[in-house]
$ cat entry39.cif   # mmCIF, C-alpha atoms and all ligand atoms
data_run
loop_
_atom_site.label_atom_id
_atom_site.label_comp_id
_atom_site.auth_asym_id
_atom_site.auth_seq_id
_atom_site.Cartn_x
_atom_site.Cartn_y
_atom_site.Cartn_z
CA MET Q 1 1.47 -3.57 -21.64
CA SER Q 2 3.00 -5.93 -19.12
CA ILE Q 3 2.18 -5.64 -15.47
CA GLN Q 4 4.98 -5.93 -12.97
CA TYR Q 5 4.10 -6.87 -9.44
CA SER Q 6 7.50 -6.69 -7.87
CA VAL Q 7 8.02 -3.70 -5.61
CA GLU Q 8 11.12 -1.57 -5.76
CA GLU Q 9 12.43 -2.10 -2.24
CA PRO Q 10 12.61 -5.17 0.00
CA LEU Q 11 9.98 -5.52 2.68
CA SER Q 12 10.47 -6.73 6.17
CA GLY Q 13 8.71 -7.51 9.39
CA SER Q 14 5.10 -7.80 10.40
CA TYR Q 15 3.11 -4.82 11.46
CA GLY Q 16 0.23 -3.61 13.54
CA VAL Q 17 -1.98 -0.63 13.05
CA ALA Q 18 -0.63 0.82 16.27
CA ASP Q 19 2.32 1.88 14.14
CA SER Q 20 0.08 4.30 12.39
CA PHE Q 21 0.39 7.33 14.58
CA PRO Q 22 3.03 9.82 13.67
CA LYS Q 23 6.34 9.83 15.43
CA ASP Q 24 6.85 13.48 14.75
CA PHE Q 25 4.04 15.71 15.82
CA GLY Q 26 6.09 18.80 16.49
CA TYR Q 27 8.80 20.87 14.86
CA GLY Q 28 12.53 20.86 14.53
CA ALA Q 29 14.00 18.49 17.04
CA ASP Q 30 12.65 15.28 15.58
CA GLU Q 31 13.27 16.27 12.01
CA SER Q 32 16.31 14.07 11.54
CA GLU Q 33 14.58 11.06 12.99
CA MET Q 34 11.95 11.28 10.32
CA ASP Q 35 14.43 10.41 7.62
CA GLU Q 36 14.72 6.84 8.64
CA THR Q 37 16.21 4.16 6.51
CA SER Q 38 14.09 2.85 3.70
CA THR Q 39 13.67 -0.41 5.61
CA ALA Q 40 12.08 1.47 8.47
CA SER Q 41 9.78 3.31 6.11
CA ASP Q 42 8.75 -0.01 4.65
CA SER Q 43 7.59 -1.06 8.08
CA LYS Q 44 4.91 1.63 8.03
CA PRO Q 45 1.43 0.24 7.71
CA ARG Q 46 0.01 0.38 4.25
CA ILE Q 47 -3.16 1.49 2.61
CA LEU Q 48 -3.63 -0.36 -0.65
CA LEU Q 49 -5.51 1.07 -3.60
CA MET Q 50 -6.83 -1.70 -5.79
CA GLY Q 51 -9.43 -2.04 -8.52
CA MET Q 52 -9.85 -2.47 -12.25
CA ARG Q 53 -7.82 -0.56 -14.80
CA ARG Q 54 -8.93 3.07 -15.25
CA SER Q 55 -11.19 2.89 -12.20
CA GLY Q 56 -9.49 6.01 -10.83
CA LYS Q 57 -6.93 4.75 -8.29
CA SER Q 58 -3.99 6.96 -9.28
CA SER Q 59 -6.30 9.97 -9.62
CA ILE Q 60 -7.52 9.50 -6.06
CA GLN Q 61 -3.99 9.32 -4.73
CA LYS Q 62 -2.81 12.33 -6.72
CA VAL Q 63 -5.80 14.51 -5.86
CA VAL Q 64 -5.86 13.70 -2.15
CA PHE Q 65 -2.14 13.64 -1.38
CA HIS Q 66 -0.46 15.62 -4.14
CA LYS Q 67 -2.88 18.48 -4.72
CA MET Q 68 -3.37 17.56 -8.38
CA SER Q 69 -6.42 19.26 -9.81
CA PRO Q 70 -9.11 16.76 -10.89
CA ASN Q 71 -8.93 17.89 -14.52
CA GLU Q 72 -5.23 17.08 -14.72
CA THR Q 73 -5.96 13.43 -13.93
CA LEU Q 74 -7.32 13.08 -17.45
CA PHE Q 75 -3.69 12.97 -18.59
CA LEU Q 76 -2.47 10.38 -16.09
CA GLU Q 77 -0.77 7.43 -17.68
CA SER Q 78 -1.80 3.92 -16.75
CA THR Q 79 0.18 2.57 -13.79
CA ASN Q 80 2.23 -0.47 -14.78
CA LYS Q 81 3.88 -1.42 -11.53
CA ILE Q 82 3.09 -1.00 -7.87
CA TYR Q 83 3.64 2.63 -6.96
CA LYS Q 84 4.60 3.12 -3.32
CA ASP Q 85 3.91 6.59 -2.03
CA ASP Q 86 5.34 7.43 1.37
CA ILE Q 87 3.58 10.58 2.40
CA SER Q 88 4.60 10.62 6.03
CA ASN Q 89 7.23 13.33 5.65
CA SER Q 90 4.65 15.88 4.68
CA SER Q 91 1.57 14.57 6.37
CA PHE Q 92 0.22 13.33 9.68
CA VAL Q 93 -0.97 10.28 7.83
CA ASN Q 94 1.94 8.03 8.55
CA PHE Q 95 1.18 5.35 6.02
CA GLN Q 96 2.41 4.24 2.70
CA ILE Q 97 -0.19 4.35 -0.01
CA TRP Q 98 0.34 1.61 -2.56
CA ASP Q 99 -1.27 2.15 -5.93
CA PHE Q 100 -1.69 -1.10 -7.83
CA PRO Q 101 -1.64 -1.44 -11.60
CA GLY Q 102 -5.15 -2.44 -12.67
CA GLN Q 103 -6.38 -5.80 -11.51
CA VAL Q 104 -3.98 -7.99 -9.61
CA ASP Q 105 -3.17 -11.42 -10.94
CA PHE Q 106 -3.05 -13.60 -7.83
CA PHE Q 107 -1.56 -16.46 -9.85
CA ASP Q 108 1.47 -14.46 -10.88
CA PRO Q 109 4.42 -16.02 -8.99
CA THR Q 110 6.23 -12.66 -8.74
CA PHE Q 111 3.36 -11.25 -6.74
CA ASP Q 112 3.72 -12.21 -3.08
CA TYR Q 113 0.27 -11.05 -2.08
CA GLU Q 114 0.32 -12.71 1.32
CA MET Q 115 3.30 -10.71 2.44
CA ILE Q 116 1.79 -7.49 1.09
CA PHE Q 117 -1.57 -8.05 2.78
CA ARG Q 118 0.06 -8.92 6.10
CA GLY Q 119 1.43 -5.41 6.54
CA THR Q 120 -1.71 -3.67 5.40
CA GLY Q 121 -4.02 -1.53 7.54
CA ALA Q 122 -6.72 -0.95 4.94
CA LEU Q 123 -7.52 -2.15 1.47
CA ILE Q 124 -9.45 0.33 -0.66
CA TYR Q 125 -11.13 -1.27 -3.63
CA VAL Q 126 -12.17 1.26 -6.27
CA ILE Q 127 -15.16 0.50 -8.51
CA ASP Q 128 -15.96 2.74 -11.48
CA ALA Q 129 -19.67 3.46 -11.05
CA GLN Q 130 -19.94 4.88 -14.57
CA ASP Q 131 -18.89 1.58 -16.11
CA ASP Q 132 -20.35 -1.91 -16.05
CA TYR Q 133 -19.23 -3.14 -12.64
CA MET Q 134 -19.91 -6.88 -12.84
CA GLU Q 135 -16.29 -7.83 -13.51
CA ALA Q 136 -15.11 -5.37 -10.86
CA LEU Q 137 -17.39 -7.10 -8.35
CA ALA Q 138 -16.00 -10.51 -9.25
CA ARG Q 139 -12.45 -9.16 -8.79
CA LEU Q 140 -13.44 -7.49 -5.53
CA HIS Q 141 -14.62 -10.85 -4.24
CA VAL Q 142 -11.37 -12.64 -5.16
CA THR Q 143 -9.26 -9.80 -3.74
CA VAL Q 144 -10.98 -9.47 -0.38
CA THR Q 145 -11.22 -13.21 0.22
CA LYS Q 146 -7.47 -13.63 -0.44
CA ALA Q 147 -6.67 -10.57 1.68
CA TYR Q 148 -8.92 -11.69 4.54
CA LYS Q 149 -7.18 -15.06 4.67
CA ALA Q 150 -3.77 -13.40 4.88
CA ASN Q 151 -4.82 -10.69 7.33
CA PRO Q 152 -8.31 -10.78 8.88
CA ASP Q 153 -7.61 -7.60 10.86
CA MET Q 154 -7.38 -5.28 7.90
CA ASN Q 155 -10.23 -2.92 7.01
CA PHE Q 156 -12.01 -3.44 3.72
CA GLU Q 157 -13.23 -0.23 2.10
CA VAL Q 158 -15.09 -0.04 -1.21
CA PHE Q 159 -15.11 3.26 -3.06
CA ILE Q 160 -18.01 3.42 -5.50
CA HIS Q 161 -16.17 5.99 -7.56
CA LYS Q 162 -16.85 8.58 -10.30
CA VAL Q 163 -20.37 9.16 -8.99
CA ASP Q 164 -20.22 12.74 -10.28
CA GLY Q 165 -21.68 11.37 -13.50
CA LEU Q 166 -24.75 9.86 -11.78
CA SER Q 167 -28.06 11.37 -10.67
CA ASP Q 168 -28.87 11.22 -6.96
CA ASP Q 169 -31.34 8.37 -7.45
CA HIS Q 170 -28.91 6.46 -9.60
CA LYS Q 171 -26.18 6.87 -6.94
CA ILE Q 172 -28.35 5.34 -4.23
CA GLU Q 173 -29.49 2.55 -6.49
CA THR Q 174 -25.90 1.74 -7.56
CA GLN Q 175 -24.73 1.69 -3.96
CA ARG Q 176 -27.58 -0.58 -2.93
CA ASP Q 177 -26.94 -2.95 -5.81
CA ILE Q 178 -23.17 -3.16 -5.27
CA HIS Q 179 -23.63 -3.57 -1.51
CA GLN Q 180 -26.14 -6.38 -2.02
CA ARG Q 181 -24.16 -8.30 -4.63
CA ALA Q 182 -20.81 -8.01 -2.83
CA ASN Q 183 -22.26 -9.20 0.47
CA ASP Q 184 -24.26 -12.00 -1.19
CA ASP Q 185 -21.05 -13.27 -2.81
CA LEU Q 186 -19.33 -13.29 0.57
CA ALA Q 187 -22.27 -15.02 2.26
CA ASP Q 188 -22.16 -17.74 -0.44
CA VAL Q 189 -18.65 -18.72 0.67
CA GLY Q 190 -19.41 -18.40 4.38
CA LEU Q 191 -17.55 -15.12 4.87
CA GLU Q 192 -20.35 -13.11 6.48
CA LYS Q 193 -17.86 -11.91 9.09
CA LEU Q 194 -15.86 -10.04 6.47
CA HIS Q 195 -17.14 -6.49 6.74
CA LEU Q 196 -17.09 -4.21 3.71
CA SER Q 197 -17.67 -0.45 4.12
CA PHE Q 198 -19.04 1.44 1.12
CA TYR Q 199 -18.53 5.10 0.15
CA LEU Q 200 -19.80 7.13 -2.81
CA THR Q 201 -16.83 9.10 -4.09
CA SER Q 202 -15.68 11.50 -6.78
CA ILE Q 203 -12.51 13.51 -7.23
CA TYR Q 204 -14.63 16.41 -8.49
CA ASP Q 205 -16.03 17.23 -5.05
CA HIS Q 206 -15.12 16.74 -1.39
CA SER Q 207 -16.54 13.22 -1.19
CA ILE Q 208 -13.15 11.63 -1.86
CA PHE Q 209 -11.57 13.57 1.03
CA GLU Q 210 -14.42 12.63 3.34
CA ALA Q 211 -14.17 8.97 2.44
CA PHE Q 212 -10.40 8.96 2.87
CA SER Q 213 -10.84 10.69 6.22
CA LYS Q 214 -13.02 7.84 7.44
CA VAL Q 215 -10.58 5.23 6.16
CA VAL Q 216 -7.66 6.90 7.92
CA GLN Q 217 -9.60 7.53 11.15
CA LYS Q 218 -10.19 3.81 11.56
CA LEU Q 219 -6.41 3.34 11.62
CA ILE Q 220 -5.69 5.91 14.31
CA PRO Q 221 -5.61 4.17 17.69
CA GLN Q 222 -5.97 7.48 19.54
CA LEU Q 223 -9.22 8.42 17.78
CA PRO Q 224 -11.53 8.08 20.83
CA THR Q 225 -9.18 10.28 22.86
CA LEU Q 226 -9.02 12.90 20.11
CA GLU Q 227 -12.82 12.96 19.82
CA ASN Q 228 -13.14 13.28 23.54
CA LEU Q 229 -10.75 16.23 23.61
CA LEU Q 230 -12.62 17.92 20.78
CA ASN Q 231 -15.96 17.44 22.54
CA ILE Q 232 -14.64 19.04 25.70
CA PHE Q 233 -13.02 21.85 23.79
CA ILE Q 234 -16.09 22.82 21.79
CA SER Q 235 -18.57 22.51 24.62
CA ASN Q 236 -16.47 24.75 26.85
CA SER Q 237 -15.80 27.33 24.17
CA GLY Q 238 -19.22 27.84 22.56
CA ILE Q 239 -18.04 26.34 19.27
CA GLU Q 240 -20.49 24.54 16.98
CA LYS Q 241 -18.19 22.21 15.10
CA ALA Q 242 -14.45 21.52 15.07
CA PHE Q 243 -12.31 19.45 12.76
CA LEU Q 244 -8.75 18.35 13.34
CA PHE Q 245 -7.25 18.47 9.86
CA ASP Q 246 -4.20 16.99 8.27
CA VAL Q 247 -3.25 20.17 6.43
CA VAL Q 248 -1.53 18.71 3.41
CA SER Q 249 -4.25 16.24 2.45
CA LYS Q 250 -7.31 18.01 3.93
CA ILE Q 251 -8.27 14.71 5.54
CA TYR Q 252 -9.89 15.29 8.90
CA ILE Q 253 -8.42 12.87 11.35
CA ALA Q 254 -11.00 13.59 14.04
CA THR Q 255 -14.03 15.72 14.75
CA ASP Q 256 -16.37 16.20 17.70
CA SER Q 257 -19.27 13.81 18.01
CA SER Q 258 -21.95 16.05 16.45
CA PRO Q 259 -22.89 14.85 12.95
CA VAL Q 260 -20.69 15.97 10.06
CA ASP Q 261 -22.52 17.86 7.38
CA MET Q 262 -20.82 18.01 4.03
CA GLN Q 263 -21.19 21.79 3.70
CA SER Q 264 -19.34 22.50 6.96
CA TYR Q 265 -16.59 20.13 5.95
CA GLU Q 266 -16.28 21.81 2.55
CA LEU Q 267 -16.13 25.26 4.15
CA CYS Q 268 -13.28 24.15 6.40
CA CYS Q 269 -11.41 22.55 3.48
CA ASP Q 270 -11.76 25.77 1.50
CA MET Q 271 -10.44 27.72 4.45
CA ILE Q 272 -7.29 25.59 4.53
CA ASP Q 273 -6.79 26.21 0.81
CA VAL Q 274 -7.19 29.96 1.31
CA VAL Q 275 -4.75 30.04 4.23
CA ILE Q 276 -2.09 28.03 2.40
CA ASP Q 277 -2.49 29.98 -0.84
CA VAL Q 278 -2.33 33.38 0.84
CA SER Q 279 0.63 32.26 2.97
CA CYS Q 280 2.41 31.06 -0.16
CA ILE Q 281 1.84 34.34 -1.96
CA TYR Q 282 3.04 36.48 0.92
CA SER Q 283 5.67 34.08 2.25
CA LEU Q 284 9.06 35.70 2.91
CA HIS Q 285 10.74 32.68 1.36
CA ALA Q 286 11.10 32.62 -2.40
CA GLU Q 287 9.89 29.05 -2.58
CA CYS Q 288 6.89 27.92 -0.68
CA ASN Q 289 8.17 24.45 0.23
CA GLY Q 290 6.70 23.67 3.60
CA THR Q 291 6.95 27.29 4.71
CA ALA Q 292 3.31 28.11 4.11
CA TYR Q 293 2.20 26.40 7.29
CA ASP Q 294 3.99 26.87 10.58
CA LYS Q 295 3.57 27.63 14.27
CA GLU Q 296 2.28 31.12 13.51
CA SER Q 297 -0.44 29.92 11.16
CA MET Q 298 -3.79 31.28 12.24
CA ALA Q 299 -6.77 32.67 10.38
CA ILE Q 300 -10.20 34.10 11.09
CA ILE Q 301 -12.82 34.32 8.36
CA LYS Q 302 -16.12 36.06 9.11
CA LEU Q 303 -18.90 35.01 6.78
CA ASN Q 304 -21.88 37.23 6.00
CA ASN Q 305 -24.29 34.92 7.83
CA THR Q 306 -22.90 35.59 11.34
CA THR Q 307 -20.72 32.50 11.15
CA VAL Q 308 -17.01 32.64 11.95
CA LEU Q 309 -14.35 30.18 10.81
CA TYR Q 310 -11.33 29.99 13.05
CA LEU Q 311 -8.16 28.10 12.12
CA LYS Q 312 -5.20 27.50 14.39
CA GLU Q 313 -2.03 25.45 14.17
CA VAL Q 314 -1.91 22.38 16.44
CA THR Q 315 1.18 20.50 15.26
CA LYS Q 316 3.46 20.59 12.26
CA PHE Q 317 0.89 18.66 10.22
CA LEU Q 318 -2.39 19.30 12.02
CA SER Q 319 -4.62 22.30 12.32
CA LEU Q 320 -7.88 22.85 14.11
CA VAL Q 321 -10.68 24.47 12.12
CA CYS Q 322 -13.73 25.60 14.09
CA ILE Q 323 -17.13 26.87 13.04
CA LEU Q 324 -18.85 29.18 15.50
CA ARG Q 325 -21.36 32.02 15.81
CA GLU Q 326 -20.19 35.63 15.93
CA GLU Q 327 -21.57 36.04 19.49
CA SER Q 328 -19.41 33.16 20.73
CA PHE Q 329 -16.38 34.63 19.04
CA GLU Q 330 -16.68 37.68 21.31
CA ARG Q 331 -15.18 35.44 23.99
CA LYS Q 332 -12.04 34.89 21.90
CA GLY Q 333 -9.83 35.04 25.00
CA LEU Q 334 -11.62 32.07 26.48
CA ILE Q 335 -11.49 30.15 23.21
CA ASP Q 336 -7.77 30.83 22.91
CA TYR Q 337 -7.11 29.71 26.46
CA ASN Q 338 -9.07 26.51 25.91
CA PHE Q 339 -7.30 26.01 22.61
CA HIS Q 340 -3.97 26.29 24.41
CA CYS Q 341 -5.05 23.48 26.78
CA PHE Q 342 -6.38 21.44 23.86
CA ARG Q 343 -3.13 21.82 21.91
CA LYS Q 344 -1.10 20.75 24.93
CA ALA Q 345 -3.32 17.71 25.38
CA ILE Q 346 -2.95 16.71 21.73
CA HIS Q 347 0.81 16.88 22.07
CA GLU Q 348 0.59 14.69 25.14
CA VAL Q 349 -1.54 12.16 23.28
CA PHE Q 350 1.08 11.73 20.61
CA GLU Q 351 4.00 11.86 23.02
CA VAL Q 352 2.46 8.92 24.87
CA GLY Q 353 1.73 7.27 21.53
CA ALA Q 354 5.29 7.72 20.32
CA SER Q 355 6.78 6.29 23.48
CA THR Q 356 4.51 3.24 23.52
CA HIS Q 357 4.17 2.50 19.82
CA ARG Q 358 6.93 -0.07 19.79
CA THR Q 359 4.98 -2.10 22.31
CA PHE Q 360 1.84 -1.90 20.16
CA SER Q 361 -0.16 -0.57 23.07
CA HIS Q 362 -3.61 0.39 21.85
CA GLN Q 363 -4.78 1.91 25.10
CA ALA Q 364 -6.09 5.43 24.82
CA SER Q 365 -4.00 7.83 26.81
CA SER Q 366 -5.50 10.25 29.27
CA PRO Q 367 -3.94 13.65 28.93
CA ASN Q 368 -4.91 16.57 31.10
CA LEU Q 369 -7.19 19.04 29.51
CA ASN Q 370 -7.73 21.71 32.10
CA ALA Q 371 -10.15 23.59 29.94
CA VAL Q 372 -12.16 26.51 31.20
CA THR Q 373 -15.91 26.37 30.75
CA HIS Q 374 -17.96 28.95 28.98
CA ASN Q 375 -18.55 30.89 32.17
CA GLY Q 376 -14.90 30.74 33.14
CA THR Q 377 -14.84 27.93 35.73
CA PRO Q 378 -12.29 25.18 35.24
CA ALA Q 379 -13.73 22.00 33.77
CA ASN Q 380 -12.43 18.59 34.67
CA ALA Q 381 -11.58 16.96 31.44
CA VAL Q 382 -11.16 13.43 30.13
N1 LIG B 401 -15.70 11.52 -13.91
C1 LIG B 401 -14.70 11.10 -13.13
N2 LIG B 401 -13.56 10.64 -13.71
C2 LIG B 401 -12.58 10.23 -12.89
C3 LIG B 401 -12.70 10.24 -11.48
N3 LIG B 401 -11.54 9.74 -10.95
C4 LIG B 401 -10.74 9.43 -11.98
N4 LIG B 401 -11.36 9.71 -13.17
C5 LIG B 401 -10.81 9.53 -14.51
O1 LIG B 401 -10.60 8.15 -14.73
C6 LIG B 401 -9.51 7.96 -15.63
C7 LIG B 401 -8.60 6.86 -15.11
O2 LIG B 401 -8.00 7.31 -13.92
P1 LIG B 401 -6.66 6.66 -13.33
O3 LIG B 401 -6.46 7.32 -12.03
O4 LIG B 401 -5.54 6.69 -14.31
O5 LIG B 401 -7.11 5.15 -13.14
P2 LIG B 401 -6.28 3.95 -12.52
O6 LIG B 401 -7.27 3.11 -11.77
O7 LIG B 401 -5.10 4.44 -11.75
O8 LIG B 401 -5.83 3.20 -13.81
P3 LIG B 401 -4.62 2.15 -14.00
O9 LIG B 401 -3.36 2.89 -13.66
O10 LIG B 401 -4.70 1.78 -15.44
O11 LIG B 401 -4.88 1.00 -13.11
C8 LIG B 401 -8.82 9.31 -15.77
O12 LIG B 401 -9.18 9.85 -17.03
C9 LIG B 401 -9.42 10.16 -14.67
O13 LIG B 401 -9.53 11.54 -15.01
C10 LIG B 401 -13.91 10.75 -10.91
O14 LIG B 401 -14.12 10.83 -9.70
N5 LIG B 401 -14.87 11.15 -11.80
#

$ encode --input "entry39.cif" --output "structure tokens"
Amino acid sequence: MSIQYSVEEPLSGSYGVADSFPKDFGYGADESEMDETSTASDSKPRILLMGMRRSGKSSIQKVVFHKMSPNETLFLESTNKIYKDDISNSSFVNFQIWDFPGQVDFFDPTFDYEMIFRGTGALIYVIDAQDDYMEALARLHVTVTKAYKANPDMNFEVFIHKVDGLSDDHKIETQRDIHQRANDDLADVGLEKLHLSFYLTSIYDHSIFEAFSKVVQKLIPQLPTLENLLNIFISNSGIEKAFLFDVVSKIYIATDSSPVDMQSYELCCDMIDVVIDVSCIYSLHAECNGTAYDKESMAIIKLNNTTVLYLKEVTKFLSLVCILREESFERKGLIDYNFHCFRKAIHEVFEVGASTHRTFSHQASSPNLNAVTHNGTPANAV
């Protein structure tokens, strides 16, 4: 089968990751602005998915952004030209995801890789951990060295994928081996500065969502501000952990600074699924297109181990999911008041972002978060 490297639409301009925050963080009024011309959508920063044939690139994209069930990916056809997926109309993640067909031939004259790499925020290289990965490593080396020359600012992410088939020991050993070989190859050509990040991933569990979350977080200029706001919110509300989720993809775009444990993340992901599914079933609209999540979306789930999960809408695409103890939930009024301040602050963050994004300003904004502390006194925030 022939591989075609030309993309369907013309590309223009050069880009910075500051473009990555969403223009539309609210409802209604900005709706029309979102449907920009295709040229404008091309100017969105890109995340590239590259790797050998059958390594799992299309499956990752379909599972994370299109809610395909992992088993259905068994029937995916091989990609034979670059597939550009603009997910920004349904998601906070205002990027284009480009899925490449198998390994890229850098000598193909129809493939203008320099131009493609120049507008890229992150390159994800997928390695099939269940297969012999020597050739994949050689291709990884060629790909990242070419990409680094064209755009040294991009992030290089390596997904050691399909690890569901490996034992825990084997996973660690594979990661160590791939890490060592890839970095040795770079050191041999004097590219020690090129930093590769490694993730163990599988579409059969939440690891792929976690890894994608980290990739996306690195591209959000407002991340430190969001983390700061979350820290203030949870410490003043008696909450143990809070995630700011992109609802459609279940990527968390920020969390407070306490360590993330996989189980908590999975619980919160499951909660989003439950909320969307139940909303779809009981939605007043016949079709559930985009109506399952709105300003009214809110859910409380009490687990039988005195833990409470609390979900609330923040923006059109984002929701806050908190984990807290039942005792803390008794002060729901306080939590709700603090949430109100938090939500307002988040809107301010993105309003500032939207008004400055043309100037590529990376400075974190300082919104007011007049949260109330646990005992009811106002806390000076940020
Ligand atoms: N066990 C396992 N299989 C996976 C995983 N991800 C993808 N696969 C399988 O890998 C096969 C290839 O997946 P694709 O997504 O088509 O691979 P691709 O890299 O897009 O392939 P090309 O389009 O040919 O470049 C499919 O049968 C998937 O079901 C995973 O995490 N674990």

$ residues_around --input "entry39.cif" --residues "segment 210-217 of chain Q" --least-positions-apart "2" --cutoff "6 Å" --atoms "only C-alpha atoms" --output "ChimeraX atom specification"
/Q:207-208,219-220,251-253

$ residues_near_ligand --input "entry39.cif" --ligand "ligand LIG 401 (chain B)" --cutoff "8 Å" --atoms "all atoms listed in the file" --output "count of residues only"
40

$ residues_around --input "entry39.cif" --residues "segment 305-318 of chain Q" --least-positions-apart "3" --cutoff "9 Å" --atoms "all atoms listed in the file" --output "compact mmCIF listing (two decimals) with C-alpha atoms, keeping the file's coordinate frame"
# COMPACT_ATOMS: atom_id res chain seq x y z
CA ASP Q 24 6.85 13.48 14.75
CA PHE Q 25 4.04 15.71 15.82
CA GLY Q 26 6.09 18.80 16.49
CA TYR Q 27 8.80 20.87 14.86
CA SER Q 90 4.65 15.88 4.68
CA SER Q 91 1.57 14.57 6.37
CA PHE Q 92 0.22 13.33 9.68
CA VAL Q 93 -0.97 10.28 7.83
CA LEU Q 244 -8.75 18.35 13.34
CA PHE Q 245 -7.25 18.47 9.86
CA ASP Q 246 -4.20 16.99 8.27
CA VAL Q 247 -3.25 20.17 6.43
CA VAL Q 248 -1.53 18.71 3.41
CA ILE Q 253 -8.42 12.87 11.35
CA LEU Q 267 -16.13 25.26 4.15
CA CYS Q 268 -13.28 24.15 6.40
CA MET Q 271 -10.44 27.72 4.45
CA ILE Q 272 -7.29 25.59 4.53
CA VAL Q 275 -4.75 30.04 4.23
CA TYR Q 293 2.20 26.40 7.29
CA ASP Q 294 3.99 26.87 10.58
CA LYS Q 295 3.57 27.63 14.27
CA GLU Q 296 2.28 31.12 13.51
CA SER Q 297 -0.44 29.92 11.16
CA MET Q 298 -3.79 31.28 12.24
CA ALA Q 299 -6.77 32.67 10.38
CA ILE Q 300 -10.20 34.10 11.09
CA ILE Q 301 -12.82 34.32 8.36
CA LYS Q 302 -16.12 36.06 9.11
CA VAL Q 321 -10.68 24.47 12.12
CA CYS Q 322 -13.73 25.60 14.09
CA ILE Q 323 -17.13 26.87 13.04
CA LEU Q 324 -18.85 29.18 15.50
CA ARG Q 325 -21.36 32.02 15.81
CA GLU Q 326 -20.19 35.63 15.93
CA GLU Q 327 -21.57 36.04 19.49
CA PHE Q 329 -16.38 34.63 19.04
CA PHE Q 339 -7.30 26.01 22.61
CA PHE Q 342 -6.38 21.44 23.86
CA ARG Q 343 -3.13 21.82 21.91
CA LYS Q 344 -1.10 20.75 24.93
CA ILE Q 346 -2.95 16.71 21.73
CA HIS Q 347 0.81 16.88 22.07

$ atom_distance --input "entry39.cif" --atom1 "atom CA of Lys332 of chain Q" --atom2 "atom CA of Leu303 of chain Q"
16.6 Å

$ residues_around --input "entry39.cif" --residues "Thr174 of chain Q" --least-positions-apart "4" --cutoff "12 Å" --atoms "only C-alpha atoms" --output "mmCIF file with C-alpha atoms, keeping the file's coordinate frame"
data_model
loop_
_atom_site.group_PDB
_atom_site.id
_atom_site.type_symbol
_atom_site.label_atom_id
_atom_site.label_comp_id
_atom_site.auth_asym_id
_atom_site.auth_seq_id
_atom_site.Cartn_x
_atom_site.Cartn_y
_atom_site.Cartn_z
ATOM 1 C CA ILE Q 127 -15.160 0.500 -8.510
ATOM 2 C CA ASP Q 128 -15.960 2.740 -11.480
ATOM 3 C CA ALA Q 129 -19.670 3.460 -11.050
ATOM 4 C CA GLN Q 130 -19.940 4.880 -14.570
ATOM 5 C CA ASP Q 131 -18.890 1.580 -16.110
ATOM 6 C CA ASP Q 132 -20.350 -1.910 -16.050
ATOM 7 C CA TYR Q 133 -19.230 -3.140 -12.640
ATOM 8 C CA MET Q 134 -19.910 -6.880 -12.840
ATOM 9 C CA PHE Q 159 -15.110 3.260 -3.060
ATOM 10 C CA ILE Q 160 -18.010 3.420 -5.500
ATOM 11 C CA HIS Q 161 -16.170 5.990 -7.560
ATOM 12 C CA LYS Q 162 -16.850 8.580 -10.300
ATOM 13 C CA VAL Q 163 -20.370 9.160 -8.990
ATOM 14 C CA LEU Q 166 -24.750 9.860 -11.780
ATOM 15 C CA SER Q 167 -28.060 11.370 -10.670
ATOM 16 C CA ASP Q 168 -28.870 11.220 -6.960
ATOM 17 C CA ASP Q 169 -31.340 8.370 -7.450
ATOM 18 C CA HIS Q 170 -28.910 6.460 -9.600
ATOM 19 C CA ILE Q 178 -23.170 -3.160 -5.270
ATOM 20 C CA HIS Q 179 -23.630 -3.570 -1.510
ATOM 21 C CA GLN Q 180 -26.140 -6.380 -2.020
ATOM 22 C CA ARG Q 181 -24.160 -8.300 -4.630
ATOM 23 C CA ALA Q 182 -20.810 -8.010 -2.830
ATOM 24 C CA PHE Q 198 -19.040 1.440 1.120
ATOM 25 C CA TYR Q 199 -18.530 5.100 0.150
ATOM 26 C CA LEU Q 200 -19.800 7.130 -2.810
#

$ residues_around --input "entry39.cif" --residues "Tyr113 of chain Q" --least-positions-apart "2" --cutoff "9 Å" --atoms "only C-alpha atoms" --output "PyMOL selection string"
chain Q and resi 106+111+115-118+146-147+150

$ atom_distance --input "entry39.cif" --atom1 "atom CA of Ser69 of chain Q" --atom2 "atom CA of Asp205 of chain Q"
10.9 Å

$ atom_distance --input "entry39.cif" --atom1 "atom CA of Ser258 of chain Q" --atom2 "atom CA of Leu226 of chain Q"
13.8 Å

$ residues_around --input "entry39.cif" --residues "Lys67 of chain Q" --least-positions-apart "4" --cutoff "9 Å" --atoms "only C-alpha atoms" --output "compact mmCIF listing (two decimals) with C-alpha atoms, in the coordinates of the input"
# COMPACT_ATOMS: atom_id res chain seq x y z
CA LYS Q 62 -2.81 12.33 -6.72
CA VAL Q 63 -5.80 14.51 -5.86
CA VAL Q 248 -1.53 18.71 3.41
CA SER Q 249 -4.25 16.24 2.45

$ axis_aligned_box --input "entry39.cif" --around "segment 57-63 of chain Q" --padding-each-side "4 Å" --output "JSON"
{"center_x": -5.2, "center_y": 9.6, "center_z": -7.2, "size_x": 12.7, "size_y": 17.8, "size_z": 12.9}
